[in-house]
>>> print(open('model-v4.pdb').read())   # PDB, C-alpha atoms
ATOM      1  CA  MET A  35      12.208  23.787 -11.241
ATOM      2  CA  LYS A  36       9.265  23.977  -8.905
ATOM      3  CA  VAL A  37       5.665  22.760  -8.861
ATOM      4  CA  LEU A  38       3.000  24.176  -6.590
ATOM      5  CA  LEU A  39       0.332  21.666  -5.533
ATOM      6  CA  ILE A  40      -2.959  23.063  -4.207
ATOM      7  CA  ASN A  41      -4.995  20.657  -2.081
ATOM      8  CA  GLY A  42      -8.603  21.836  -2.136
ATOM      9  CA  SER A  43      -9.768  19.124   0.243
ATOM     10  CA  PRO A  44     -10.417  19.937   3.905
ATOM     11  CA  HIS A  45      -8.583  16.703   4.763
ATOM     12  CA  ALA A  46      -4.791  16.994   4.733
ATOM     13  CA  LYS A  47      -4.385  13.206   4.606
ATOM     14  CA  GLY A  48      -7.430  12.278   2.531
ATOM     15  CA  CYS A  49      -8.027  10.944  -0.967
ATOM     16  CA  THR A  50      -6.890  14.062  -2.818
ATOM     17  CA  ALA A  51      -3.699  14.218  -0.758
ATOM     18  CA  ARG A  52      -2.934  10.599  -1.598
ATOM     19  CA  ALA A  53      -3.224  11.353  -5.308
ATOM     20  CA  LEU A  54      -0.950  14.389  -4.988
ATOM     21  CA  ASP A  55       1.573  12.383  -2.953
ATOM     22  CA  GLU A  56       1.916   9.942  -5.845
ATOM     23  CA  MET A  57       2.815  12.832  -8.129
ATOM     24  CA  ILE A  58       5.286  14.298  -5.647
ATOM     25  CA  LYS A  59       7.282  11.043  -5.669
ATOM     26  CA  VAL A  60       7.730  11.365  -9.428
ATOM     27  CA  PHE A  61       8.578  15.065  -9.270
ATOM     28  CA  SER A  62      11.259  14.281  -6.698
ATOM     29  CA  SER A  63      12.773  11.601  -8.940
ATOM     30  CA  GLU A  64      12.787  14.156 -11.795
ATOM     31  CA  GLY A  65      14.663  16.701  -9.678
ATOM     32  CA  ILE A  66      11.650  19.016  -9.408
ATOM     33  CA  GLU A  67      10.835  20.731  -6.113
ATOM     34  CA  SER A  68       7.268  20.422  -4.823
ATOM     35  CA  GLU A  69       5.287  22.471  -2.326
ATOM     36  CA  VAL A  70       1.811  21.511  -1.130
ATOM     37  CA  ILE A  71      -0.595  24.241  -0.048
ATOM     38  CA  GLN A  72      -3.572  23.062   2.002
ATOM     39  CA  ILE A  73      -6.480  25.454   1.442
ATOM     40  CA  GLY A  74      -9.577  23.272   1.715
ATOM     41  CA  ASN A  75      -9.785  23.795   5.466
ATOM     42  CA  LYS A  76      -9.430  27.604   5.302
ATOM     43  CA  ALA A  77     -12.144  30.250   5.480
ATOM     44  CA  ILE A  78     -11.871  31.745   1.990
ATOM     45  CA  ARG A  79     -14.534  34.108   0.667
ATOM     46  CA  GLY A  80     -15.469  34.437  -2.976
ATOM     47  CA  CYS A  81     -14.641  37.294  -5.333
ATOM     48  CA  ILE A  82     -16.901  40.350  -4.935
ATOM     49  CA  SER A  83     -15.929  41.905  -8.295
ATOM     50  CA  CYS A  84     -14.677  45.126  -6.687
ATOM     51  CA  ASN A  85     -11.786  45.334  -9.211
ATOM     52  CA  THR A  86      -9.433  46.783  -6.600
ATOM     53  CA  CYS A  87      -6.832  44.250  -7.771
ATOM     54  CA  SER A  88      -6.572  46.038 -11.134
ATOM     55  CA  LYS A  89      -5.110  49.031  -9.270
ATOM     56  CA  THR A  90      -3.108  47.316  -6.496
ATOM     57  CA  GLY A  91      -2.020  44.068  -8.182
ATOM     58  CA  LYS A  92      -3.407  41.959  -5.368
ATOM     59  CA  CYS A  93      -6.729  40.890  -3.896
ATOM     60  CA  VAL A  94      -8.359  43.410  -1.563
ATOM     61  CA  PHE A  95      -8.896  40.706   1.067
ATOM     62  CA  GLY A  96      -5.638  40.006   2.870
ATOM     63  CA  ASP A  97      -6.928  37.876   5.724
ATOM     64  CA  ASP A  98      -6.664  34.530   3.930
ATOM     65  CA  PRO A  99      -3.962  32.700   1.882
ATOM     66  CA  VAL A 100      -4.825  34.019  -1.605
ATOM     67  CA  ASN A 101      -2.217  36.785  -1.907
ATOM     68  CA  GLU A 102       0.488  34.715  -0.240
ATOM     69  CA  VAL A 103      -0.060  31.730  -2.527
ATOM     70  CA  THR A 104      -0.256  34.022  -5.565
ATOM     71  CA  LYS A 105       3.386  34.992  -4.978
ATOM     72  CA  LYS A 106       4.364  31.317  -4.897
ATOM     73  CA  PHE A 107       2.361  30.693  -8.075
ATOM     74  CA  GLU A 108       4.295  33.443  -9.864
ATOM     75  CA  GLU A 109       7.594  31.772  -8.999
ATOM     76  CA  ALA A 110       6.496  28.231  -9.904
ATOM     77  CA  ASP A 111       6.967  26.523 -13.265
ATOM     78  CA  GLY A 112       3.728  24.593 -12.901
ATOM     79  CA  ILE A 113       0.697  24.156 -10.701
ATOM     80  CA  VAL A 114      -1.405  21.126  -9.781
ATOM     81  CA  VAL A 115      -4.893  21.792  -8.446
ATOM     82  CA  GLY A 116      -6.523  18.892  -6.616
ATOM     83  CA  SER A 117     -10.095  18.694  -5.359
ATOM     84  CA  PRO A 118     -12.660  16.236  -4.052
ATOM     85  CA  VAL A 119     -16.025  16.110  -5.809
ATOM     86  CA  TYR A 120     -18.906  17.859  -4.037
ATOM     87  CA  TYR A 121     -22.268  17.454  -5.790
ATOM     88  CA  GLY A 122     -20.584  17.028  -9.157
ATOM     89  CA  SER A 123     -18.254  20.041  -8.735
ATOM     90  CA  PRO A 124     -14.970  20.954  -7.035
ATOM     91  CA  ASN A 125     -14.937  22.054  -3.405
ATOM     92  CA  GLY A 126     -16.544  25.517  -3.075
ATOM     93  CA  THR A 127     -13.644  26.821  -0.978
ATOM     94  CA  LEU A 128     -11.250  25.880  -3.769
ATOM     95  CA  ILE A 129     -13.386  27.596  -6.409
ATOM     96  CA  SER A 130     -13.447  30.816  -4.357
ATOM     97  CA  PHE A 131      -9.670  30.570  -3.955
ATOM     98  CA  LEU A 132      -9.002  29.985  -7.660
ATOM     99  CA  ASP A 133     -11.398  32.708  -8.806
ATOM    100  CA  ARG A 134      -9.595  35.277  -6.715
ATOM    101  CA  MET A 135      -6.043  34.049  -7.331
ATOM    102  CA  PHE A 136      -6.347  33.849 -11.103
ATOM    103  CA  TYR A 137      -8.272  37.107 -11.439
ATOM    104  CA  SER A 138      -6.256  39.273  -9.047
ATOM    105  CA  SER A 139      -2.742  38.143 -10.019
ATOM    106  CA  PRO A 140      -1.098  40.697 -12.355
ATOM    107  CA  PHE A 141       1.637  38.449 -13.766
ATOM    108  CA  SER A 142       1.420  36.460 -16.982
ATOM    109  CA  LYS A 143       0.692  32.769 -16.601
ATOM    110  CA  HIS A 144       1.588  32.172 -20.243
ATOM    111  CA  MET A 145       3.264  28.764 -20.639
ATOM    112  CA  LYS A 146       3.175  27.798 -16.967
ATOM    113  CA  VAL A 147       2.019  24.177 -16.937
ATOM    114  CA  GLY A 148      -1.249  23.327 -15.213
ATOM    115  CA  ALA A 149      -2.791  20.031 -14.163
ATOM    116  CA  ALA A 150      -6.103  19.238 -12.485
ATOM    117  CA  VAL A 151      -6.630  16.238 -10.198
ATOM    118  CA  VAL A 152      -9.960  15.117  -8.771
ATOM    119  CA  SER A 153     -10.965  12.456  -6.278
ATOM    120  CA  CYS A 154     -14.405  10.985  -5.762
ATOM    121  CA  ARG A 155     -16.087   7.966  -4.302
ATOM    122  CA  ARG A 156     -18.007   7.249  -7.492
ATOM    123  CA  GLY A 157     -19.316  10.043  -9.776
ATOM    124  CA  GLY A 158     -18.982  13.711 -10.702
ATOM    125  CA  ASN A 159     -15.301  13.401 -11.485
ATOM    126  CA  THR A 160     -15.245  14.428 -15.157
ATOM    127  CA  ALA A 161     -17.481  17.456 -14.521
ATOM    128  CA  SER A 162     -15.154  18.642 -11.737
ATOM    129  CA  PHE A 163     -12.105  17.937 -13.905
ATOM    130  CA  ASP A 164     -13.574  20.137 -16.634
ATOM    131  CA  VAL A 165     -14.210  23.036 -14.249
ATOM    132  CA  LEU A 166     -10.631  23.047 -12.959
ATOM    133  CA  ASN A 167      -9.031  22.854 -16.399
ATOM    134  CA  LYS A 168     -10.810  26.020 -17.505
ATOM    135  CA  TYR A 169      -8.674  28.129 -15.170
ATOM    136  CA  PHE A 170      -5.624  27.000 -17.143
ATOM    137  CA  THR A 171      -7.027  27.244 -20.644
ATOM    138  CA  ILE A 172      -8.234  30.833 -20.157
ATOM    139  CA  SER A 173      -4.738  31.762 -18.949
ATOM    140  CA  ALA A 174      -2.678  30.481 -21.914
ATOM    141  CA  MET A 175      -1.308  27.649 -19.783
ATOM    142  CA  PRO A 176      -0.427  24.274 -21.357
ATOM    143  CA  VAL A 177      -2.484  21.546 -19.685
ATOM    144  CA  ALA A 178      -0.742  18.326 -18.650
ATOM    145  CA  SER A 179      -2.568  15.088 -19.377
ATOM    146  CA  SER A 180      -2.105  11.441 -18.495
ATOM    147  CA  ASN A 181      -3.250   8.131 -19.979
ATOM    148  CA  TYR A 182      -6.723   8.626 -18.494
ATOM    149  CA  TRP A 183      -8.622  11.496 -16.887
ATOM    150  CA  ASN A 184      -6.665  12.706 -13.867
ATOM    151  CA  MET A 185      -8.710  11.122 -11.092
ATOM    152  CA  VAL A 186      -8.661   8.617  -8.282
ATOM    153  CA  HIS A 187     -11.557   6.815  -6.631
ATOM    154  CA  GLY A 188     -12.243   6.038  -2.998
ATOM    155  CA  PHE A 189     -13.946   7.195   0.164
ATOM    156  CA  THR A 190     -10.718   7.197   2.190
ATOM    157  CA  ALA A 191      -6.998   7.437   1.469
ATOM    158  CA  GLU A 192      -6.839   3.689   2.162
ATOM    159  CA  ASP A 193      -9.414   3.132  -0.591
ATOM    160  CA  VAL A 194      -7.277   5.134  -3.019
ATOM    161  CA  GLU A 195      -4.370   2.793  -2.262
ATOM    162  CA  LYS A 196      -6.452   0.067  -3.896
ATOM    163  CA  ASP A 197      -7.069   2.160  -7.012
ATOM    164  CA  ALA A 198      -4.014   0.924  -8.886
ATOM    165  CA  GLU A 199      -5.124   2.482 -12.171
ATOM    166  CA  GLY A 200      -5.793   5.846 -10.537
ATOM    167  CA  LEU A 201      -2.337   5.944  -8.942
ATOM    168  CA  GLN A 202      -0.784   4.897 -12.239
ATOM    169  CA  THR A 203      -2.610   7.809 -13.853
ATOM    170  CA  MET A 204      -1.076  10.160 -11.280
ATOM    171  CA  ARG A 205       2.438   8.881 -11.980
ATOM    172  CA  ASN A 206       2.037   9.250 -15.728
ATOM    173  CA  LEU A 207       0.570  12.714 -15.228
ATOM    174  CA  ALA A 208       3.562  13.804 -13.149
ATOM    175  CA  ARG A 209       6.008  12.416 -15.727
ATOM    176  CA  ASN A 210       4.231  14.209 -18.556
ATOM    177  CA  MET A 211       4.084  17.419 -16.556
ATOM    178  CA  ALA A 212       7.793  17.231 -15.733
ATOM    179  CA  PHE A 213       8.605  16.708 -19.412
ATOM    180  CA  LEU A 214       6.413  19.650 -20.425
ATOM    181  CA  MET A 215       7.998  22.016 -17.933
ATOM    182  CA  LYS A 216      11.515  21.001 -18.892
ATOM    183  CA  SER A 217      10.717  21.234 -22.604
ATOM    184  CA  ILE A 218       9.179  24.685 -22.242
ATOM    185  CA  ALA A 219      12.201  25.899 -20.268
ATOM    186  CA  SER A 220      14.514  24.513 -22.963
ATOM    187  CA  GLY A 221      12.406  25.977 -25.755
ATOM    188  CA  LYS A 222      12.310  29.363 -24.055
ATOM    189  CA  ASP A 223      16.122  29.445 -24.000
ATOM    190  CA  SER A 224      16.441  28.248 -27.600
ATOM    191  CA  PHE A 225      13.519  29.884 -29.413
ATOM    192  CA  GLY A 226      11.733  32.178 -26.977
ATOM    193  CA  LEU A 227       8.100  31.846 -25.956
ATOM    194  CA  PRO A 228       5.340  31.994 -28.584
ATOM    195  CA  GLU A 229       3.764  35.358 -29.321
ATOM    196  CA  TYR A 230       0.884  36.105 -26.985
ATOM    197  CA  GLU A 231      -1.663  38.538 -28.408
ATOM    198  CA  ARG A 232      -3.885  40.593 -26.123
ATOM    199  CA  GLY A 233      -6.167  43.543 -26.615
ATOM    200  CA  CYS A 234      -9.114  42.251 -28.617
ATOM    201  CA  PHE A 235     -12.262  42.121 -26.523
ATOM    202  CA  THR A 236     -15.255  41.431 -28.722
ATOM    203  CA  SER A 237     -18.769  42.458 -27.750
ATOM    204  CA  PHE A 238     -21.917  42.834 -29.791
ATOM    205  CA  PRO A 239     -23.812  45.833 -28.403
ATOM    206  CA  ASP A 240     -25.887  46.233 -31.568
ATOM    207  CA  GLY A 241     -27.230  42.688 -31.249
ATOM    208  CA  LYS A 242     -26.152  41.751 -34.801
TER
END
>>> encode(input="model-v4.pdb", output="structure tokens")
Amino acid sequence: MKVLLINGSPHAKGCTARALDEMIKVFSSEGIESEVIQIGNKAIRGCISCNTCSKTGKCVFGDDPVNEVTKKFEEADGIVVGSPVYYGSPNGTLISFLDRMFYSSPFSKHMKVGAAVVSCRRGGNTASFDVLNKYFTISAMPVASSNYWNMVHGFTAEDVEKDAEGLQTMRNLARNMAFLMKSIASGKDSFGLPEYERGCFTSFPDGK
């Protein structure tokens, strides 16, 4: 099995990376392959709603990592999205990346496991956590949880080392995520995946 970890921080060795590293240790012990993709330091534009992807199956912009990472996402059993908190929200580069990757990818994400991880010095963590989880819940993806909200605190990676509860949360999150992925794979073989209805798109043009 394989997990894709997206680091939305511009710092490859910062607080978010430290949180993801704690999860990787657990994934390794569970026999699950991990790959970290560093996108927070890339120049990634936002979606322009051109809808070209509906015809080509990929984003129209090919000069950044979105299409390449999308292929890896399709092959993965789960994805972890990590971000620092900027003004009470995830990193803007990460949001642009996720908007385009989730919208332009033609494959079903049904029953791939998702987990959000946030790092902050002090506040804005739960708001950012909520934003990231919505990418999963709109895509029929089971969301992995821990014993607390998936976050660590600190201004540097060294600070995060002192956040014993935050690192414990990361370990429990990785264990729960590993169990979910393995259980879904087992259930798929034994029972098949649950029915996934599509097609209804409700609007109220008459205003009633």
>>> resolve_selection(input="model-v4.pdb", expression="the PyMOL selection byres ((chain A and resi 56-72) around 7)", output="PyMOL selection string")
chain A and resi 35-42+46+52-55+73-74+201+204-205+208-209+212
>>> atom_distance(input="model-v4.pdb", atom1="CA of Phe136 in chain A", atom2="CA of Thr86 in chain A")
14.0 Å
>>> atom_distance(input="model-v4.pdb", atom1="CA of Gly126 in chain A", atom2="CA of Gly80 in chain A")
9.0 Å
>>> resolve_selection(input="model-v4.pdb", expression="the PyMOL selection byres ((chain A and resi 157-166) around 12)", output="MDAnalysis selection string")
chainID A and resid 40 42 113:126 128:133 136 148:156 167:172 177 179 182:189
>>> residues_around(input="model-v4.pdb", residues="range 213-226 of chain A", least_positions_apart="6", cutoff="9 Å", atoms="all atoms listed in the file", output="JSON, numbers by chain")
{"A": [35, 111, 112, 145, 146, 147, 176, 178]}
>>> atom_distance(input="model-v4.pdb", atom1="CA of Ala110 in chain A", atom2="CA of Lys143 in chain A")
10.0 Å
>>> resolve_selection(input="model-v4.pdb", expression="the PyMOL selection byres ((chain A and resi 84) around 12)", output="list in words")
Gly80, Cys81, Ile82, Ser83, Asn85, Thr86, Cys87, Ser88, Lys89, Thr90, Lys92, Cys93, Val94, Phe95, Arg134, Tyr137 and Ser138 of chain A
>>> residues_around(input="model-v4.pdb", residues="Pro99 in chain A", least_positions_apart="2", cutoff="9 Å", atoms="all atoms listed in the file", output="number ranges by chain")
A: 73, 76, 78, 96-97, 101-104, 131
>>> write_last_selection(input="model-v4.pdb", atoms="C-alpha atoms", output="JSON list (two decimals), keeping the file's coordinate frame")
[["chain", "number", "residue", "atom", "x", "y", "z"],
["A", 73, "ILE", "CA", -6.48, 25.45, 1.44],
["A", 76, "LYS", "CA", -9.43, 27.60, 5.30],
["A", 78, "ILE", "CA", -11.87, 31.74, 1.99],
["A", 96, "GLY", "CA", -5.64, 40.01, 2.87],
["A", 97, "ASP", "CA", -6.93, 37.88, 5.72],
["A", 101, "ASN", "CA", -2.22, 36.78, -1.91],
["A", 102, "GLU", "CA", 0.49, 34.72, -0.24],
["A", 103, "VAL", "CA", -0.06, 31.73, -2.53],
["A", 104, "THR", "CA", -0.26, 34.02, -5.56],
["A", 131, "PHE", "CA", -9.67, 30.57, -3.96]]
>>> closest_residue(input="model-v4.pdb", among="A:Ala191, A:Ser237, A:Arg232, A:Thr203", to="Gly48 in chain A", atoms="all atoms listed in the file")
A:Ala191
>>> axis_aligned_box(input="model-v4.pdb", around="range 123-132 of chain A", padding_each_side="3 Å", output="AutoDock Vina command-line options")
--center_x -13.6 --center_y 25.4 --center_z -4.9 --size_x 15.3 --size_y 16.8 --size_z 13.8
